[in-house]
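**Student:** My structure is below; once you've seen it, I'll send some questions.
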Amino acid sequence: MRASTDPAGHPVPPEPPLDPPSGRVVTWLGRFGPVAVGYAVFQALVGLLPDALFGDTARYSLAVVSGLGTGISAWLAAALLRARGASEDGRAGDPDGVPSPRRPPPSAGRDAADPGAPGPLPGLSTAAYATLVERLTVFDDPPRGRLTGWPHALDEQPEPVRPTPTGTAYGLHIALELGMPDGRLRTSELVETLWRLRLPEGGWAARSQGTVGRPEVTGLVLGALARAGADPGLLATEAQRCTERFTRELEPAGAELTHVVTTVLRGLLRAAPGSPALPVLRDALVDGAVTDPARGHRRCWGSRLTPPRGRTVAPSAVHTAQAVVALDRAAGVLGEDTNARDTRREGIRWLLSCPGAAHDGCDDLASGHETVRRPHPVDASRSEVLAVRHFSAAWVMRALLTPGAQAVAVDEGTEAVRQEMLAGAAACVWRQQDNGIWTWDGDDFAYPLWMTYQGLSALRAHAVWMYQPGG
């Protein structure tokens, strides 16, 4: 099903499908059919049974019993079909399937005839929070103590699953995004868990990476801890350890990847805004931009900041959006020189020049993936592989919602284009969730926490941008 937008540009969830004809027949049969079927059998038997069958009393008694039995059977069959239909409708609420049992009411969409009616976002946020609470894991780990958080995805089995740094960091981000309406989720417990998951030599790593801290995971965790108000001194210490290792000599694979550099840059801007590594990372990101002849030779970004030997870097919407977001935030903390400002603005122009006709399903919004491959820290004969998925529509939304993007669009007369693209991206993001939980199709873990955080935060940022007092 495809979502649409209302006249103001709000993403409107698709209307629930009407009951199929078979459902209406089952409903009618459950109410009136058993009586009709039983009476028909009674009348048929009275007319068919011979008069000599033990007299009229026996003949009528047999017809009555048969009619009652048939009517009861028809009623039970109808009840079974109704129950089966209800089970199918509610299967998405099974914690072993789609992780959220709480669906926003179908009337949650804004009614154009009632401008005072609430939009769909409050119901979505309530459902997301309920699922986050329900899937919270408490795990007693002998070396590290009590861990409270989430694994990478909400549908991991068997339970309980040991919380991971990535899952718990994104879960903490979601909880903070939703405002923690009650005490079922406690920031202090999540923060303590992330500190307990810290590796002995410092930093954090994904479950598939092993015992060495990796910059992309460390940057993510530091950003979540800083947002939750963790101790600034501890954050500064971990940030320094992270940046000391994040060099082209010690970390050649990560230093060449746009995803890794932007993740570390965003994390340090929150956790250590005075870090001397920030200008270095900002300049590396600016220098890694490429030129796209297909879009007016505008500068943009691909998956790599350094082209592989003998090859060129293909432009990428999701990596351009990640770079625009990181550079916009860096400008607010560090300021920016002419080269950084011009490159960031070129990236925005590149996004606004998308040639797609329908901006709710164009190629720029198609999600993708990449692999971060490094030598294994213990066994040199093997590689350490991290699969990274990108929710492109959410990233494009976040880039177009930056203050810098609005300034470019207003200055150059493309604000209508920006608003149209934002509305389309919002509709694309909305389509990929159910009950406030986002789904990555085709993966073993279909409900990753990172995707729910990115989708939810993008929609909430869009709602804030759309807000008009008294309107």
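Convention: chains lettered A, B, ... in structure tokens order; per-chain residue numbering from 1; ligands numbered from 1 as shown.
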Just list as a PDB file with all heavy atoms, in the first residue's frame whatever in stretch 89-261 of chain A DSSP marks as strand (DSSP E).

**Tutor:**
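After the write, out_16.pdb holds the following:
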ATOM      1  N   THR A 137      15.271  -6.113  27.420  1.00  0.00           N
ATOM      2  CA  THR A 137      15.904  -7.334  27.917  1.00  0.00           C
ATOM      3  C   THR A 137      16.724  -7.020  29.160  1.00  0.00           C
ATOM      4  O   THR A 137      17.472  -6.042  29.189  1.00  0.00           O
ATOM      5  CB  THR A 137      16.825  -7.940  26.840  1.00  0.00           C
ATOM      6  OG1 THR A 137      16.038  -8.357  25.726  1.00  0.00           O
ATOM      7  CG2 THR A 137      17.591  -9.134  27.384  1.00  0.00           C
ATOM      8  N   VAL A 138      16.573  -7.851  30.176  1.00  0.00           N
ATOM      9  CA  VAL A 138      17.423  -7.789  31.367  1.00  0.00           C
ATOM     10  C   VAL A 138      18.219  -9.089  31.408  1.00  0.00           C
ATOM     11  O   VAL A 138      17.647 -10.182  31.463  1.00  0.00           O
ATOM     12  CB  VAL A 138      16.593  -7.609  32.643  1.00  0.00           C
ATOM     13  CG1 VAL A 138      17.505  -7.587  33.865  1.00  0.00           C
ATOM     14  CG2 VAL A 138      15.768  -6.331  32.571  1.00  0.00           C
ATOM     15  N   PHE A 139      19.544  -8.956  31.368  1.00  0.00           N
ATOM     16  CA  PHE A 139      20.417 -10.120  31.194  1.00  0.00           C
ATOM     17  C   PHE A 139      21.520 -10.070  32.243  1.00  0.00           C
ATOM     18  O   PHE A 139      22.222  -9.066  32.374  1.00  0.00           O
ATOM     19  CB  PHE A 139      21.013 -10.093  29.783  1.00  0.00           C
ATOM     20  CG  PHE A 139      21.767 -11.335  29.391  1.00  0.00           C
ATOM     21  CD1 PHE A 139      21.123 -12.378  28.744  1.00  0.00           C
ATOM     22  CD2 PHE A 139      23.120 -11.461  29.669  1.00  0.00           C
ATOM     23  CE1 PHE A 139      21.812 -13.520  28.365  1.00  0.00           C
ATOM     24  CE2 PHE A 139      23.818 -12.589  29.300  1.00  0.00           C
ATOM     25  CZ  PHE A 139      23.162 -13.629  28.647  1.00  0.00           C
ATOM     26  N   ASP A 140      21.659 -11.150  32.999  1.00  0.00           N
ATOM     27  CA  ASP A 140      22.723 -11.237  34.008  1.00  0.00           C
ATOM     28  C   ASP A 140      23.966 -11.835  33.363  1.00  0.00           C
ATOM     29  O   ASP A 140      24.001 -13.024  33.022  1.00  0.00           O
ATOM     30  CB  ASP A 140      22.271 -12.087  35.195  1.00  0.00           C
ATOM     31  CG  ASP A 140      21.213 -11.377  36.025  1.00  0.00           C
ATOM     32  OD1 ASP A 140      21.311 -10.151  36.148  1.00  0.00           O
ATOM     33  OD2 ASP A 140      20.292 -12.052  36.520  1.00  0.00           O
ATOM     34  N   ASP A 141      24.972 -10.999  33.187  1.00  0.00           N
ATOM     35  CA  ASP A 141      26.219 -11.410  32.551  1.00  0.00           C
ATOM     36  C   ASP A 141      27.302 -11.478  33.633  1.00  0.00           C
ATOM     37  O   ASP A 141      27.655 -10.451  34.215  1.00  0.00           O
ATOM     38  CB  ASP A 141      26.600 -10.398  31.466  1.00  0.00           C
ATOM     39  CG  ASP A 141      27.825 -10.812  30.692  1.00  0.00           C
ATOM     40  OD1 ASP A 141      28.947 -10.520  31.145  1.00  0.00           O
ATOM     41  OD2 ASP A 141      27.666 -11.449  29.631  1.00  0.00           O
ATOM     42  N   GLY A 145      28.026  -7.985  34.828  1.00  0.00           N
ATOM     43  CA  GLY A 145      26.939  -7.622  35.716  1.00  0.00           C
ATOM     44  C   GLY A 145      25.608  -7.568  34.985  1.00  0.00           C
ATOM     45  O   GLY A 145      25.431  -8.101  33.897  1.00  0.00           O
ATOM     46  N   ARG A 146      24.667  -6.886  35.586  1.00  0.00           N
ATOM     47  CA  ARG A 146      23.311  -6.804  35.060  1.00  0.00           C
ATOM     48  C   ARG A 146      23.267  -5.855  33.859  1.00  0.00           C
ATOM     49  O   ARG A 146      23.651  -4.695  33.956  1.00  0.00           O
ATOM     50  CB  ARG A 146      22.371  -6.305  36.160  1.00  0.00           C
ATOM     51  CG  ARG A 146      20.893  -6.229  35.777  1.00  0.00           C
ATOM     52  CD  ARG A 146      20.122  -5.622  36.940  1.00  0.00           C
ATOM     53  NE  ARG A 146      18.721  -5.440  36.644  1.00  0.00           N
ATOM     54  CZ  ARG A 146      17.775  -6.334  36.916  1.00  0.00           C
ATOM     55  NH1 ARG A 146      18.097  -7.487  37.483  1.00  0.00           N
ATOM     56  NH2 ARG A 146      16.515  -6.088  36.625  1.00  0.00           N
ATOM     57  N   LEU A 147      22.777  -6.375  32.733  1.00  0.00           N
ATOM     58  CA  LEU A 147      22.681  -5.600  31.504  1.00  0.00           C
ATOM     59  C   LEU A 147      21.213  -5.376  31.168  1.00  0.00           C
ATOM     60  O   LEU A 147      20.425  -6.322  31.108  1.00  0.00           O
ATOM     61  CB  LEU A 147      23.360  -6.327  30.341  1.00  0.00           C
ATOM     62  CG  LEU A 147      24.841  -6.691  30.529  1.00  0.00           C
ATOM     63  CD1 LEU A 147      25.354  -7.465  29.317  1.00  0.00           C
ATOM     64  CD2 LEU A 147      25.691  -5.447  30.776  1.00  0.00           C
ATOM     65  N   THR A 148      20.835  -4.134  30.950  1.00  0.00           N
ATOM     66  CA  THR A 148      19.463  -3.768  30.598  1.00  0.00           C
ATOM     67  C   THR A 148      19.490  -3.015  29.273  1.00  0.00           C
ATOM     68  O   THR A 148      20.101  -1.944  29.190  1.00  0.00           O
ATOM     69  CB  THR A 148      18.832  -2.879  31.679  1.00  0.00           C
ATOM     70  OG1 THR A 148      18.864  -3.564  32.937  1.00  0.00           O
ATOM     71  CG2 THR A 148      17.387  -2.541  31.327  1.00  0.00           C
ATOM     72  N   GLY A 149      18.876  -3.586  28.266  1.00  0.00           N
ATOM     73  CA  GLY A 149      18.901  -2.935  26.959  1.00  0.00           C
ATOM     74  C   GLY A 149      18.271  -3.809  25.901  1.00  0.00           C
ATOM     75  O   GLY A 149      17.328  -4.561  26.173  1.00  0.00           O
TER      76      GLY A 149
END

**Student:** Fewer than 6 positions away in the same chain doesn't count, so skip those; otherwise give me all residues within 6 Å of stretch 363-367 of chain A, counting only C-alpha atoms, as a ChimeraX atom specification.

**Tutor:** /A:317,390-393

**Student:** Suppose we keep N, CA and C atoms; can you now write the selection as a CSV table (one decimal), in the first residue's frame?

**Tutor:**
chain,number,residue,atom,x,y,z
A,317,ALA,N,23.0,9.0,-3.0
A,317,ALA,CA,22.2,10.0,-2.2
A,317,ALA,C,22.3,9.8,-0.7
A,390,HIS,N,21.5,1.0,5.0
A,390,HIS,CA,21.2,2.5,5.0
A,390,HIS,C,19.7,2.7,4.7
A,391,PHE,N,19.0,3.4,5.6
A,391,PHE,CA,17.7,3.9,5.4
A,391,PHE,C,17.7,5.2,4.7
A,392,SER,N,17.8,5.1,3.3
A,392,SER,CA,18.1,6.3,2.5
A,392,SER,C,17.0,7.4,2.7
A,393,ALA,N,15.7,7.0,2.7
A,393,ALA,CA,14.7,8.0,2.7
A,393,ALA,C,14.8,8.8,4.0

**Student:** Using the chain letters and numbers from this document, which residues of stretch 100-285 of chain A does DSSP assign to helix (DSSP H, G or I), as a PyMOL selection string?

**Tutor:** chain A and resi 106-108+121-134+165-178+187-196+215-227+232-245+252-255+258-271+277-285

**Student:** Residues near A:Leu265, anyone? I mean within 12 Å using only C-alpha atoms, not counting same-chain ones fewer than 2 positions away, as a ChimeraX atom specification.

**Tutor:** /A:215-220,222-223,239,242-243,246,255,258-263,267-273,275-285,322-331,333-334

**Student:** List as a tab-separated table every residue of stretch 332-414 of chain A that is in contact with stretch 426-449 of chain A, defined as an atom at most 7 Å from one of its atoms (using only C-alpha atoms), together with the nearest atom pair and the distance in Å rounded to one decimal, sorted by chain and then rising number.

**Tutor:**
residue	atom	partner	partner_atom	distance
A:Asp360	CA	A:Cys428	CA	5.3
A:Gly361	CA	A:Cys428	CA	6.6
A:Ala393	CA	A:Val429	CA	6.0
A:Ala394	CA	A:Val429	CA	6.2
A:Met397	CA	A:Ala426	CA	7.0

**Student:** Counting only C-alpha atoms, what is within 8 Å of A:Gly347, bar same-chain residues fewer than 6 positions away, as a ChimeraX atom specification?

**Tutor:** /A:298-301,320-321,324
